[in-house]
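To start, the structure under review is shown below, and the notes come after it.
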Amino acid sequence: MNAPGRRVAHLDMDAFYASVELLRQPQLRGLPVVVGGRRGGGGAAPMALRAYEGRGVVTTSTYEARALGVHSGMSLMRAAREAPDALLLPPNFEAYRHYSALFKRAIVGIAPLMENRGIDEVYIDLTDLDSDSRSLGLRLKGAVHEATGLSCSLGIAANKLLAKIASDLDKPDGLTLLGPEDVARRVWPLSVAKINGIGPKATVRLHDLGIRTIGELAAAEPALLDRAFGARLALWLRESANGVDDRPVVTESATKSVSRETTFERDLDARADRPRLSAVLVELCERLAGDLSRKDLAARTIGIKLRYADFHTVTRDLTVPRPVSASRDILAGARECLRRVALDRRLRLLGVRAGSLSGPSGTAVPGQQGELPFGEDPAGTAGTAITRG
């Protein structure tokens, strides 16, 4: 049951990465701009999407590019076919983290009960605040714009599920209040995929049952859903379709793991491209160490992720005796993990993960001396060969 009188907001920054880039390069406003692919720093010159070579995906795009059919997660090759004249910018994550911190600081100055859901979205509990919902929404949007120069879309409803749906109804720069009386009119005609938690596979399964809209899901026979999804998931589907969600706004949560990964612009060979792989591995470990430092955390588990050219993905983890946080120690652990995988196929992606997180520690990972994958051993000896798992 939804708690009576409860008010939850979902605030979502509008085309966040692209909007930050437009702040820094205002001459691009009104143009179809795509962020993705190459790495780069602030002020990188845009290039025509048609001229981009290499793989990669669209991180985000302006609404002008979206109108041409370019969306987040699309491969850049496909995006170039859809909108060859769109402009491509490399992502600058340092800038995005900066603006993320600014808008969240502005929010908690008004409504301190905030749940961080990522770099560009939050949930906010408004239940105990005195102002009416519309006034609070306008105040929050104004504070975010004043702090960042960016727009956001805000949905306010009785719970997190409906608030998230509401924030997407009137983008960009929207403010949507969604009451129980609005569910049938505004929510039920939407695709079932609009319910946060119903992914592509579940959407296909529901379509196979003849259920395409949230309203059709709300009216579905319980026995039909039970047979297709099991009783527990079927109950969640029915409740979600009817706007029922009792999840609290969680203002504090423990970070379980932190990871960094990169997809190569071309598939790399473990032997022929060892210098490139070594440099990427070192950079990922340095970035991961920086993430841990900012969060004042250390890891008891170091892991790696490899995706081969045929898209087969493998992971390996190493539990270390004491928590580590320095890039040197993460690198040593990652290389130990790499010793346990086959490097006999070309590689598409490389990632490094830190898990089992706790307070900081400077204790090093005890590693074997000698040959380690992708470059030098922990002591810095150059010219070592690749060790296959």
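Chain identifiers are assigned as A, B, and so on, following the order in which chains appear in the structure tokens; residues are numbered from 1 within each chain, and ligands are numbered from 1 in order of appearance.
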
All residues 7 Å or closer to range 12-26 of chain A, only C-alpha atoms, same chain fewer than 2 positions away omitted, as a PyMOL selection string: chain A and resi 10+28-29+35+43+60-62+96+120-122+150-154+167+172-173

Would you save the residues of that selection, restricted to N, CA and C atoms, as a JSON list (two decimals), in the first residue's frame?
[["chain", "number", "residue", "atom", "x", "y", "z"],
["A", 10, "HIS", "N", 11.22, 12.64, -8.10],
["A", 10, "HIS", "CA", 12.35, 12.13, -8.88],
["A", 10, "HIS", "C", 12.83, 13.27, -9.76],
["A", 28, "LEU", "N", 27.26, 25.62, -29.78],
["A", 28, "LEU", "CA", 26.65, 24.38, -30.27],
["A", 28, "LEU", "C", 25.17, 24.27, -29.93],
["A", 29, "ARG", "N", 24.64, 25.24, -29.20],
["A", 29, "ARG", "CA", 23.23, 25.17, -28.81],
["A", 29, "ARG", "C", 22.32, 25.15, -30.04],
["A", 35, "VAL", "N", 27.44, 12.91, -27.55],
["A", 35, "VAL", "CA", 28.60, 12.71, -26.67],
["A", 35, "VAL", "C", 28.88, 11.21, -26.62],
["A", 43, "GLY", "N", 36.60, 21.37, -23.73],
["A", 43, "GLY", "CA", 36.78, 22.20, -24.90],
["A", 43, "GLY", "C", 37.23, 21.46, -26.15],
["A", 60, "THR", "N", 25.23, 10.13, -24.52],
["A", 60, "THR", "CA", 23.98, 10.89, -24.50],
["A", 60, "THR", "C", 23.96, 11.77, -25.74],
["A", 61, "SER", "N", 22.85, 12.43, -25.96],
["A", 61, "SER", "CA", 22.73, 13.31, -27.12],
["A", 61, "SER", "C", 21.75, 14.43, -26.79],
["A", 62, "THR", "N", 21.89, 15.53, -27.50],
["A", 62, "THR", "CA", 20.95, 16.63, -27.33],
["A", 62, "THR", "C", 19.59, 16.22, -27.89],
["A", 96, "TYR", "N", 31.50, 16.33, -15.63],
["A", 96, "TYR", "CA", 30.17, 15.83, -15.26],
["A", 96, "TYR", "C", 30.07, 15.60, -13.76],
["A", 120, "ASP", "N", 23.26, 11.74, -12.54],
["A", 120, "ASP", "CA", 22.33, 12.74, -13.06],
["A", 120, "ASP", "C", 20.90, 12.60, -12.54],
["A", 121, "GLU", "N", 20.66, 11.79, -11.52],
["A", 121, "GLU", "CA", 19.29, 11.65, -11.02],
["A", 121, "GLU", "C", 19.28, 11.34, -9.53],
["A", 122, "VAL", "N", 18.23, 11.80, -8.87],
["A", 122, "VAL", "CA", 18.04, 11.56, -7.43],
["A", 122, "VAL", "C", 16.56, 11.39, -7.14],
["A", 150, "LEU", "N", 21.91, 24.58, -15.67],
["A", 150, "LEU", "CA", 21.30, 23.46, -16.39],
["A", 150, "LEU", "C", 19.83, 23.30, -16.01],
["A", 151, "SER", "N", 19.08, 22.68, -16.90],
["A", 151, "SER", "CA", 17.68, 22.39, -16.61],
["A", 151, "SER", "C", 17.52, 20.94, -16.16],
["A", 152, "CYS", "N", 16.43, 20.68, -15.47],
["A", 152, "CYS", "CA", 16.11, 19.32, -15.03],
["A", 152, "CYS", "C", 14.63, 19.10, -15.18],
["A", 153, "SER", "N", 14.23, 17.85, -15.15],
["A", 153, "SER", "CA", 12.81, 17.50, -15.15],
["A", 153, "SER", "C", 12.48, 16.83, -13.83],
["A", 154, "LEU", "N", 11.33, 17.18, -13.27],
["A", 154, "LEU", "CA", 10.98, 16.75, -11.92],
["A", 154, "LEU", "C", 9.58, 16.15, -11.93],
["A", 167, "SER", "N", 8.61, 12.09, -14.01],
["A", 167, "SER", "CA", 9.70, 12.98, -14.42],
["A", 167, "SER", "C", 10.01, 12.87, -15.90],
["A", 172, "PRO", "N", 11.87, 18.21, -22.11],
["A", 172, "PRO", "CA", 12.80, 18.64, -21.07],
["A", 172, "PRO", "C", 12.22, 19.76, -20.22],
["A", 173, "ASP", "N", 12.88, 20.03, -19.09],
["A", 173, "ASP", "CA", 12.54, 21.14, -18.19],
["A", 173, "ASP", "C", 11.11, 21.03, -17.68]]

From the DSSP assignment of the backbone, select every residue of range 145-313 of chain A that is strand (DSSP E), and format the answer as an MDAnalysis selection string. chainID A and resid 152:157 175:177 257:268 298:308 313

Kindly export the residues of the current selection with N, CA and C atoms, as a short mmCIF file (atom, residue, chain, number, x, y, z; two decimals), in the first residue's frame.
data_model
loop_
_atom_site.label_atom_id
_atom_site.label_comp_id
_atom_site.auth_asym_id
_atom_site.auth_seq_id
_atom_site.Cartn_x
_atom_site.Cartn_y
_atom_site.Cartn_z
N CYS A 152 16.43 20.68 -15.47
CA CYS A 152 16.11 19.32 -15.03
C CYS A 152 14.63 19.10 -15.18
N SER A 153 14.23 17.85 -15.15
CA SER A 153 12.81 17.50 -15.15
C SER A 153 12.48 16.83 -13.83
N LEU A 154 11.33 17.18 -13.27
CA LEU A 154 10.98 16.75 -11.92
C LEU A 154 9.58 16.15 -11.93
N GLY A 155 9.46 14.98 -11.33
CA GLY A 155 8.16 14.36 -11.13
C GLY A 155 7.89 14.19 -9.65
N ILE A 156 6.68 14.50 -9.22
CA ILE A 156 6.30 14.37 -7.81
C ILE A 156 5.05 13.50 -7.75
N ALA A 157 5.12 12.46 -6.90
CA ALA A 157 4.02 11.51 -6.78
C ALA A 157 4.04 10.90 -5.39
N LEU A 175 7.90 19.84 -15.07
CA LEU A 175 7.48 19.65 -13.68
C LEU A 175 6.11 18.99 -13.72
N THR A 176 6.05 17.72 -13.29
CA THR A 176 4.83 16.94 -13.40
C THR A 176 4.40 16.44 -12.04
N LEU A 177 3.18 16.78 -11.64
CA LEU A 177 2.58 16.26 -10.41
C LEU A 177 1.62 15.15 -10.80
N SER A 257 30.69 -1.88 -4.60
CA SER A 257 31.82 -2.06 -5.48
C SER A 257 31.97 -0.83 -6.36
N VAL A 258 33.16 -0.66 -6.89
CA VAL A 258 33.47 0.43 -7.80
C VAL A 258 34.23 -0.18 -8.97
N SER A 259 33.91 0.24 -10.18
CA SER A 259 34.59 -0.35 -11.33
C SER A 259 34.87 0.71 -12.39
N ARG A 260 35.84 0.39 -13.22
CA ARG A 260 36.18 1.19 -14.39
C ARG A 260 36.40 0.23 -15.56
N GLU A 261 35.90 0.58 -16.73
CA GLU A 261 36.13 -0.26 -17.89
C GLU A 261 36.15 0.59 -19.14
N THR A 262 36.71 0.05 -20.20
CA THR A 262 36.77 0.76 -21.47
C THR A 262 36.60 -0.22 -22.61
N THR A 263 35.89 0.19 -23.64
CA THR A 263 35.75 -0.58 -24.87
C THR A 263 36.72 0.00 -25.89
N PHE A 264 37.55 -0.84 -26.47
CA PHE A 264 38.56 -0.38 -27.40
C PHE A 264 37.94 0.00 -28.74
N GLU A 265 38.54 0.97 -29.41
CA GLU A 265 38.03 1.39 -30.70
C GLU A 265 38.27 0.32 -31.76
N ARG A 266 39.24 -0.54 -31.56
CA ARG A 266 39.45 -1.73 -32.39
C ARG A 266 39.86 -2.87 -31.47
N ASP A 267 39.57 -4.09 -31.89
CA ASP A 267 39.94 -5.24 -31.08
C ASP A 267 41.46 -5.33 -30.97
N LEU A 268 41.95 -5.60 -29.76
CA LEU A 268 43.38 -5.62 -29.50
C LEU A 268 43.88 -7.04 -29.29
N ALA A 298 38.54 1.37 0.76
CA ALA A 298 39.55 0.43 0.32
C ALA A 298 38.88 -0.90 0.02
N ALA A 299 39.55 -1.75 -0.74
CA ALA A 299 38.93 -2.97 -1.26
C ALA A 299 39.65 -4.21 -0.76
N ARG A 300 38.86 -5.25 -0.46
CA ARG A 300 39.41 -6.56 -0.15
C ARG A 300 39.38 -7.48 -1.37
N THR A 301 38.65 -7.07 -2.43
CA THR A 301 38.56 -7.87 -3.64
C THR A 301 38.91 -7.01 -4.84
N ILE A 302 39.81 -7.50 -5.67
CA ILE A 302 40.14 -6.87 -6.94
C ILE A 302 39.72 -7.82 -8.06
N GLY A 303 39.06 -7.29 -9.07
CA GLY A 303 38.59 -8.13 -10.16
C GLY A 303 38.88 -7.52 -11.51
N ILE A 304 38.86 -8.35 -12.54
CA ILE A 304 39.00 -7.88 -13.91
C ILE A 304 37.83 -8.42 -14.74
N LYS A 305 37.56 -7.72 -15.82
CA LYS A 305 36.53 -8.12 -16.78
C LYS A 305 37.12 -8.02 -18.17
N LEU A 306 37.00 -9.08 -18.93
CA LEU A 306 37.46 -9.10 -20.31
C LEU A 306 36.30 -9.47 -21.22
N ARG A 307 36.18 -8.76 -22.32
CA ARG A 307 35.22 -9.14 -23.35
C ARG A 307 36.01 -9.37 -24.64
N TYR A 308 35.87 -10.56 -25.18
CA TYR A 308 36.59 -10.90 -26.39
C TYR A 308 35.86 -10.34 -27.62
N THR A 313 32.29 -12.85 -22.54
CA THR A 313 32.82 -12.07 -21.42
C THR A 313 33.24 -12.99 -20.28
#

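Between Ala272 in chain A and the candidates A:Asp344, A:Asp85, A:Glu252, A:Glu239, the tightest atom-to-atom separation, counting only C-alpha atoms, involves A:Asp344.
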
Choose the residue, out of A:Ala80, A:Leu343, A:Leu209, A:Ile165, that has the smallest atom-to-atom separation from Trp188 in chain A; count only C-alpha atoms.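 Going through A:Ala80, A:Leu343, A:Leu209, A:Ile165 one by one, the smallest distance to Trp188 in chain A is for A:Ile165.
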
Which residues come within 8 Å of Leu88 in chain A, counting only C-alpha atoms, excluding same-chain residues fewer than 5 positions away, as a PyMOL selection string? chain A and resi 33-36+46-49

File dump, residues just selected, N, CA, C and O atoms, as a compact mmCIF listing (two decimals), in the first residue's frame:
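again-v3.txt was written with the following content:
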# COMPACT_ATOMS: atom_id res chain seq x y z
N VAL A 33 23.97 17.32 -31.23
CA VAL A 33 25.27 17.02 -30.65
C VAL A 33 25.20 15.66 -29.96
O VAL A 33 24.24 15.37 -29.23
N VAL A 34 26.21 14.86 -30.19
CA VAL A 34 26.31 13.52 -29.60
C VAL A 34 27.56 13.47 -28.75
O VAL A 34 28.62 13.93 -29.17
N VAL A 35 27.44 12.91 -27.55
CA VAL A 35 28.60 12.71 -26.67
C VAL A 35 28.88 11.21 -26.62
O VAL A 35 27.99 10.41 -26.35
N GLY A 36 30.12 10.85 -26.86
CA GLY A 36 30.48 9.43 -26.81
C GLY A 36 31.78 9.17 -27.53
O GLY A 36 32.41 10.07 -28.09
N PRO A 46 34.45 19.69 -31.72
CA PRO A 46 33.51 18.69 -32.25
C PRO A 46 33.93 18.23 -33.63
O PRO A 46 34.61 18.96 -34.37
N MET A 47 33.54 17.02 -33.98
CA MET A 47 33.77 16.51 -35.32
C MET A 47 32.45 15.99 -35.86
O MET A 47 31.55 15.63 -35.10
N ALA A 48 32.33 15.97 -37.19
CA ALA A 48 31.13 15.43 -37.80
C ALA A 48 31.04 13.94 -37.49
O ALA A 48 32.03 13.21 -37.59
N LEU A 49 29.87 13.50 -37.11
CA LEU A 49 29.70 12.10 -36.73
C LEU A 49 30.06 11.18 -37.90
O LEU A 49 30.58 10.07 -37.69

Write out as a ChimeraX atom specification all residues of range 140-345 of chain A that backbone DSSP assigns to helix (DSSP H, G or I). /A:140-148,160-167,180-187,192-194,200-208,214-218,222-229,231-241,274-295,327-338

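Among the candidate residues A:Ala45, A:Leu281, A:Ala158, A:Leu288, the one lying nearest to Leu338 in chain A is A:Leu281, with distances computed using only C-alpha atoms.
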